[in-house]
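Text of the file entry.cif, holding mmCIF, C-alpha atoms:
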```
data_my_file
loop_
_atom_site.label_atom_id
_atom_site.label_comp_id
_atom_site.auth_asym_id
_atom_site.auth_seq_id
_atom_site.Cartn_x
_atom_site.Cartn_y
_atom_site.Cartn_z
CA SER I 62 77.08 66.87 7.39
CA ASP I 63 74.79 65.88 4.52
CA ASP I 64 76.54 67.99 1.86
CA TYR I 65 79.32 66.63 -0.31
CA LEU I 66 81.59 67.65 -3.16
CA VAL I 67 82.21 65.77 -6.40
CA ILE I 68 85.91 65.97 -7.30
CA LYS I 69 87.38 64.88 -10.61
CA ASP I 70 91.03 65.22 -11.57
CA GLY I 71 91.64 67.30 -8.45
CA LYS I 72 88.91 69.86 -9.26
CA VAL I 73 85.52 70.36 -7.67
CA ILE I 74 82.99 69.74 -10.43
CA ALA I 75 79.78 69.71 -8.37
CA ARG I 76 78.32 70.28 -4.93
CA ARG I 77 75.41 68.14 -3.82
CA GLU I 78 73.12 67.71 -0.86
CA ASP I 79 71.83 64.42 0.40
CA ASN I 80 69.73 63.54 3.40
CA PRO I 81 70.43 59.89 4.22
CA GLY I 82 68.04 59.96 7.15
CA GLY I 83 64.41 60.80 7.63
CA GLY I 84 63.74 61.71 4.01
CA LEU I 85 64.15 58.09 3.00
CA ILE I 86 61.63 56.55 5.34
CA GLY I 87 59.84 59.38 7.12
CA ASP I 88 60.94 58.44 10.65
CA LYS I 89 61.55 61.41 12.91
CA PRO I 90 63.43 61.05 16.22
CA ASN I 91 62.34 63.01 19.24
CA VAL I 92 64.90 63.15 22.04
CA MET I 93 63.67 63.55 25.60
CA LEU I 94 66.52 64.50 27.91
CA GLY I 95 66.64 62.78 31.27
CA ASN I 96 66.75 64.65 34.53
CA ASN I 97 66.78 63.89 38.25
CA GLY I 98 68.71 60.68 37.61
CA ARG I 99 66.40 59.46 34.85
CA PRO I 100 67.97 58.29 31.58
CA SER I 101 67.41 60.12 28.32
CA THR I 102 65.06 58.58 25.78
CA VAL I 103 65.11 58.60 21.99
CA GLU I 104 61.58 58.24 20.63
CA ILE I 105 61.20 57.53 16.91
CA SER I 106 57.84 58.43 15.35
CA HIS I 107 56.87 56.44 12.27
CA PRO I 108 54.63 57.53 9.36
CA ASP I 109 51.87 55.15 10.45
CA GLY I 110 51.57 56.99 13.80
CA SER I 111 53.36 54.33 15.85
CA SER I 112 56.58 55.00 17.71
CA THR I 113 59.53 53.10 19.13
CA THR I 114 61.81 54.17 21.96
CA PHE I 115 65.36 53.59 23.12
CA GLN I 116 66.64 54.34 26.64
CA THR I 117 70.25 55.59 26.73
CA GLY I 118 70.98 54.93 30.39
CA CYS I 119 72.52 58.42 30.54
CA GLY I 120 70.83 61.43 32.11
CA GLY I 121 72.84 63.93 30.11
CA GLY I 122 72.58 65.44 26.66
CA VAL I 123 71.87 63.18 23.71
CA HIS I 124 72.56 63.78 20.02
CA TYR I 125 71.56 61.65 17.04
CA SER I 126 72.49 61.37 13.38
CA PHE I 127 71.29 59.03 10.66
CA VAL I 128 73.82 56.65 9.12
CA SER I 129 71.20 55.23 6.74
CA GLY I 130 67.44 55.24 6.39
CA ASP I 131 67.03 52.74 9.20
CA VAL I 132 70.14 53.19 11.41
CA LEU I 133 70.95 56.04 13.81
CA VAL I 134 74.05 56.88 15.80
CA VAL I 135 73.19 58.23 19.25
CA THR I 136 75.96 59.95 21.23
CA THR I 137 75.63 61.06 24.83
CA ASP I 138 77.37 63.53 27.10
CA CYS I 139 78.26 60.48 29.23
CA GLY I 140 80.75 59.35 26.54
CA THR I 141 78.63 56.48 25.26
CA LEU I 142 77.84 55.72 21.63
CA PHE I 143 74.76 53.71 20.66
CA VAL I 144 73.99 52.46 17.17
CA ILE I 145 70.27 51.69 16.96
CA GLY I 146 67.72 50.79 14.33
CA THR I 147 64.66 52.93 13.74
CA ASP I 148 62.81 50.01 15.33
CA GLY I 149 64.42 51.09 18.63
CA HIS I 150 66.64 48.02 18.96
CA LEU I 151 70.30 48.32 19.89
CA ILE I 152 72.69 47.15 17.15
CA PHE I 153 75.85 47.82 19.22
CA SER I 154 77.36 50.32 21.64
CA ASP I 155 80.76 51.56 22.75
CA GLU I 156 82.00 53.63 25.69
CA TYR I 157 84.62 56.35 25.93
CA HIS I 158 84.89 57.26 29.60
CA HIS I 159 85.72 60.90 30.37
CA SER I 160 85.57 61.86 26.67
CA LEU I 161 83.33 63.90 24.45
CA VAL I 162 82.00 61.83 21.54
CA GLN I 163 80.59 63.54 18.45
CA PHE I 164 79.30 62.25 15.13
CA GLY I 165 81.57 63.14 12.18
CA GLY I 166 79.63 61.93 9.12
CA ALA I 167 78.61 58.73 7.33
CA SER I 168 79.35 57.04 4.05
CA ARG I 169 76.60 57.38 1.49
CA ASN I 170 76.08 53.59 1.42
CA GLY I 171 75.26 53.64 5.15
CA LYS I 172 77.92 51.07 6.06
CA ARG I 173 80.42 53.30 7.92
CA PHE I 174 80.51 56.44 10.03
CA VAL I 175 83.11 58.61 11.75
CA LEU I 176 83.16 59.40 15.44
CA ALA I 177 85.31 62.16 16.95
CA VAL I 178 86.47 61.27 20.48
CA ALA I 179 88.02 64.16 22.39
CA ALA I 180 89.49 64.81 25.82
CA TRP I 181 89.13 68.32 27.21
CA HIS I 182 90.96 70.21 29.94
CA PRO I 183 88.39 71.89 32.19
CA GLY I 184 88.55 75.56 32.97
CA ASP I 185 87.69 78.90 31.54
CA PRO I 186 88.36 78.61 28.76
CA SER I 187 88.42 74.84 28.44
CA TYR I 188 90.54 73.40 25.65
CA MET I 189 90.97 70.14 23.77
CA THR I 190 93.95 68.03 24.84
CA ASP I 191 93.49 65.01 22.57
CA GLU I 192 91.30 63.89 19.66
CA TRP I 193 90.93 60.56 17.89
CA LEU I 194 88.80 59.96 14.81
CA ALA I 195 87.33 56.46 14.74
CA VAL I 196 85.73 54.95 11.65
CA TYR I 197 83.06 52.44 12.62
CA ASP I 198 81.76 49.68 10.37
CA ILE I 199 78.10 48.79 10.90
CA ASP I 200 78.50 45.18 9.69
CA HIS I 201 81.58 44.56 11.89
CA ARG I 202 79.97 46.43 14.81
CA ARG I 203 83.23 48.07 15.85
CA PRO I 204 85.79 50.66 14.81
CA VAL I 205 87.92 49.54 11.86
CA PHE I 206 90.27 52.53 11.76
CA ALA I 207 91.47 55.25 14.15
CA TRP I 208 93.50 58.40 13.52
CA LYS I 209 95.05 60.70 16.14
CA SER I 210 94.45 64.31 15.15
CA ASP I 211 97.61 66.34 14.72
CA PRO I 212 97.45 69.27 14.89
CA LEU I 213 94.51 69.50 17.26
CA PRO I 214 91.49 71.42 16.00
CA TYR I 215 89.88 74.18 18.02
CA GLN I 216 86.55 72.30 18.41
CA GLN I 217 86.38 69.14 16.27
CA SER I 218 88.15 67.98 13.11
CA GLN I 219 86.05 68.13 9.98
CA THR I 220 85.61 64.70 8.42
CA ALA I 221 83.92 63.06 5.46
CA LEU I 222 83.80 59.51 4.17
CA SER I 223 83.67 58.60 0.50
CA ALA I 224 80.38 57.17 -0.77
CA ASP I 225 81.62 53.60 -0.34
CA GLY I 226 83.43 54.28 2.96
CA THR I 227 86.91 53.44 1.65
CA ARG I 228 88.39 56.94 1.99
CA LEU I 229 88.43 59.32 4.92
CA PHE I 230 88.96 63.06 4.39
CA ILE I 231 90.15 64.99 7.44
CA GLY I 232 90.38 68.75 7.88
CA SER I 233 92.06 70.10 10.99
CA GLY I 234 92.95 73.76 10.92
CA ALA I 235 94.84 74.43 7.69
CA HIS I 236 95.82 70.75 7.37
CA LEU I 237 93.96 68.37 5.03
CA LYS I 238 94.47 64.62 4.79
CA LEU I 239 92.95 61.96 2.52
CA ILE I 240 93.36 58.44 3.86
CA ARG I 241 92.60 55.21 2.03
CA LEU I 242 90.86 52.70 4.32
CA SER I 243 90.74 48.96 3.90
CA ASN I 244 87.44 47.23 3.17
#
```

Could you quickly redo this structure as structure tokens?
Amino acid sequence: SDDYLVIKDGKVIARREDNPGGGLIGDKPNVMLGNNGRPSTVEISHPDGSSTTFQTGCGGGVHYSFVSGDVLVVTTDCGTLFVIGTDGHLIFSDEYHHSLVQFGGASRNGKRFVLAVAAWHPGDPSYMTDEWLAVYDIDHRRPVFAWKSDPLPYQQSQTALSADGTRLFIGSGAHLKLIRLSN
């Protein structure tokens, strides 16, 4: 999710890697999964040896991704999204009951990120029945754009935001879309 392509006149002219997270400030999250009814905890270790923590309120699996050097997106198996600072303070949260929420990438400027929200039919094998891609804006503290995936991907649509967060690139199966977003 930290790789990107440079495209000019419809041609790929470069491939780059960028780590918008820990490499900028040295903070390293450590996720402790809850059990026996206890909530999961995200502990962020700082270069000076101190640490800050954030309690998710969910006893299930927890995943994190950096949006910028000081902001993380934390998703849980309980369908809750938390946007927190590396100081451990909650910036905002959102809930998607009975859905799987997964991080889909961030703009290079750290102002926006994509969240894939999917509903699954249980069984063996289970399969996706619905997917929405939501673009969140950190300053507005809410989603500013949503797109219903069609056709549905097998696992999760592939997404990327432009450096300034004004374009969303979506790959779902053999279908590609480039969408211009408003500021």

Output the residue selection produced by the PyMOL selection byres ((chain I and resi 229) around 9) on the file above, formatted as a tab-separated table (two decimals) with C-alpha atoms, keeping the file's coordinate frame.
```tsv
chain	number	residue	atom	x	y	z
I	175	VAL	CA	83.11	58.61	11.75
I	196	VAL	CA	85.73	54.95	11.65
I	220	THR	CA	85.61	64.70	8.42
I	221	ALA	CA	83.92	63.06	5.46
I	222	LEU	CA	83.80	59.51	4.17
I	223	SER	CA	83.67	58.60	0.50
I	226	GLY	CA	83.43	54.28	2.96
I	227	THR	CA	86.91	53.44	1.65
I	228	ARG	CA	88.39	56.94	1.99
I	230	PHE	CA	88.96	63.06	4.39
I	231	ILE	CA	90.15	64.99	7.44
I	238	LYS	CA	94.47	64.62	4.79
I	239	LEU	CA	92.95	61.96	2.52
I	240	ILE	CA	93.36	58.44	3.86
I	241	ARG	CA	92.60	55.21	2.03
I	242	LEU	CA	90.86	52.70	4.32
```

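Under the PyMOL selection byres ((chain I and resi 163) around 8), the matching residues in the shown file are I:Thr136, I:Leu161, I:Val162, I:Phe164, I:Gly165, I:Leu176, I:Ala177, I:Val178.
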
Take the residues from that selection and write them out as a PDB file, in the coordinates of the input, keeping C-alpha atoms.
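Result saved to out-v6.pdb:
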```pdb
ATOM      1  CA  THR I 136      75.960  59.950  21.230  1.00  0.00           C
ATOM      2  CA  LEU I 161      83.330  63.900  24.450  1.00  0.00           C
ATOM      3  CA  VAL I 162      82.000  61.830  21.540  1.00  0.00           C
ATOM      4  CA  PHE I 164      79.300  62.250  15.130  1.00  0.00           C
ATOM      5  CA  GLY I 165      81.570  63.140  12.180  1.00  0.00           C
ATOM      6  CA  LEU I 176      83.160  59.400  15.440  1.00  0.00           C
ATOM      7  CA  ALA I 177      85.310  62.160  16.950  1.00  0.00           C
ATOM      8  CA  VAL I 178      86.470  61.270  20.480  1.00  0.00           C
TER       9      VAL I 178
END
```

- Using all atoms listed in the file, which residue out of I:Asp148, I:Glu156, I:Ala207, I:Gly232 lies closest to Ser111 of chain I?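 Closest to Ser111 of chain I of all the choices is I:Asp148.
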
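Residue nearest Cys139 of chain I within the list I:Pro186, I:Gly234, I:Pro100, I:Gly166: I:Pro100 [criterion: smallest interatomic distance, all atoms listed in the file].
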
- Any idea what the distance is between atom CA of Thr113 of chain I and atom CA of Tyr157 of chain I?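 Atom-to-atom, atom CA of Thr113 of chain I and atom CA of Tyr157 of chain I are spaced 26.2 Å apart.
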
Tell me, counting all atoms listed in the file, for each residue of segment 135-187 of chain I within 6 Å of segment 122-125 of chain I, which pair of atoms is nearest and how far apart they are in Å to one decimal, in rows ordered by chain and increasing number, as a Markdown table.
```
| residue | atom | partner | partner_atom | distance |
| --- | --- | --- | --- | --- |
| I:Val135 | CA | I:Tyr125 | CA | 4.4 |
| I:Thr136 | CA | I:His124 | CA | 5.3 |
| I:Thr137 | CA | I:Val123 | CA | 4.5 |
| I:Asp138 | CA | I:Gly122 | CA | 5.2 |
```

Restricted to C-alpha atoms, what would the selected residues look like written as a PDB file, keeping the file's coordinate frame?
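Dumped everything to out01.pdb:
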```
ATOM      1  CA  VAL I 135      73.190  58.230  19.250  1.00  0.00           C
ATOM      2  CA  THR I 136      75.960  59.950  21.230  1.00  0.00           C
ATOM      3  CA  THR I 137      75.630  61.060  24.830  1.00  0.00           C
ATOM      4  CA  ASP I 138      77.370  63.530  27.100  1.00  0.00           C
TER       5      ASP I 138
END
```

- Message: Which residue is closest to Trp181 of chain I? Choose from I:Ser106, I:Gln217, I:Ser243, I:Thr147 and count only C-alpha atoms.
- Response: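 Smallest separation from Trp181 of chain I among the options: I:Gln217.
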
- Message: Once the PyMOL selection byres ((chain I and resi 150) around 12) is applied to the coordinates I shared, what remains selected? I want it as a count of residues only.
- Response: 23

- Task: Would you mind reading off the distance between atom CA of Thr102 of chain I and atom CA of Gly121 of chain I, one decimal, in Å?
- Result: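 Separation between atom CA of Thr102 of chain I and atom CA of Gly121 of chain I: 10.4 Å.
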
- For atom CA of Thr190 of chain I and atom CA of Phe127 of chain I, the interatomic separation in Å (one decimal):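 Taking atom CA of Thr190 of chain I and atom CA of Phe127 of chain I, their separation equals 28.2 Å.
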
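When all atoms listed in the file are used to measure the gap to Ser126 of chain I, the shortest distance among I:Tyr197, I:Tyr188, I:Phe174, I:Trp208 belongs to I:Phe174.
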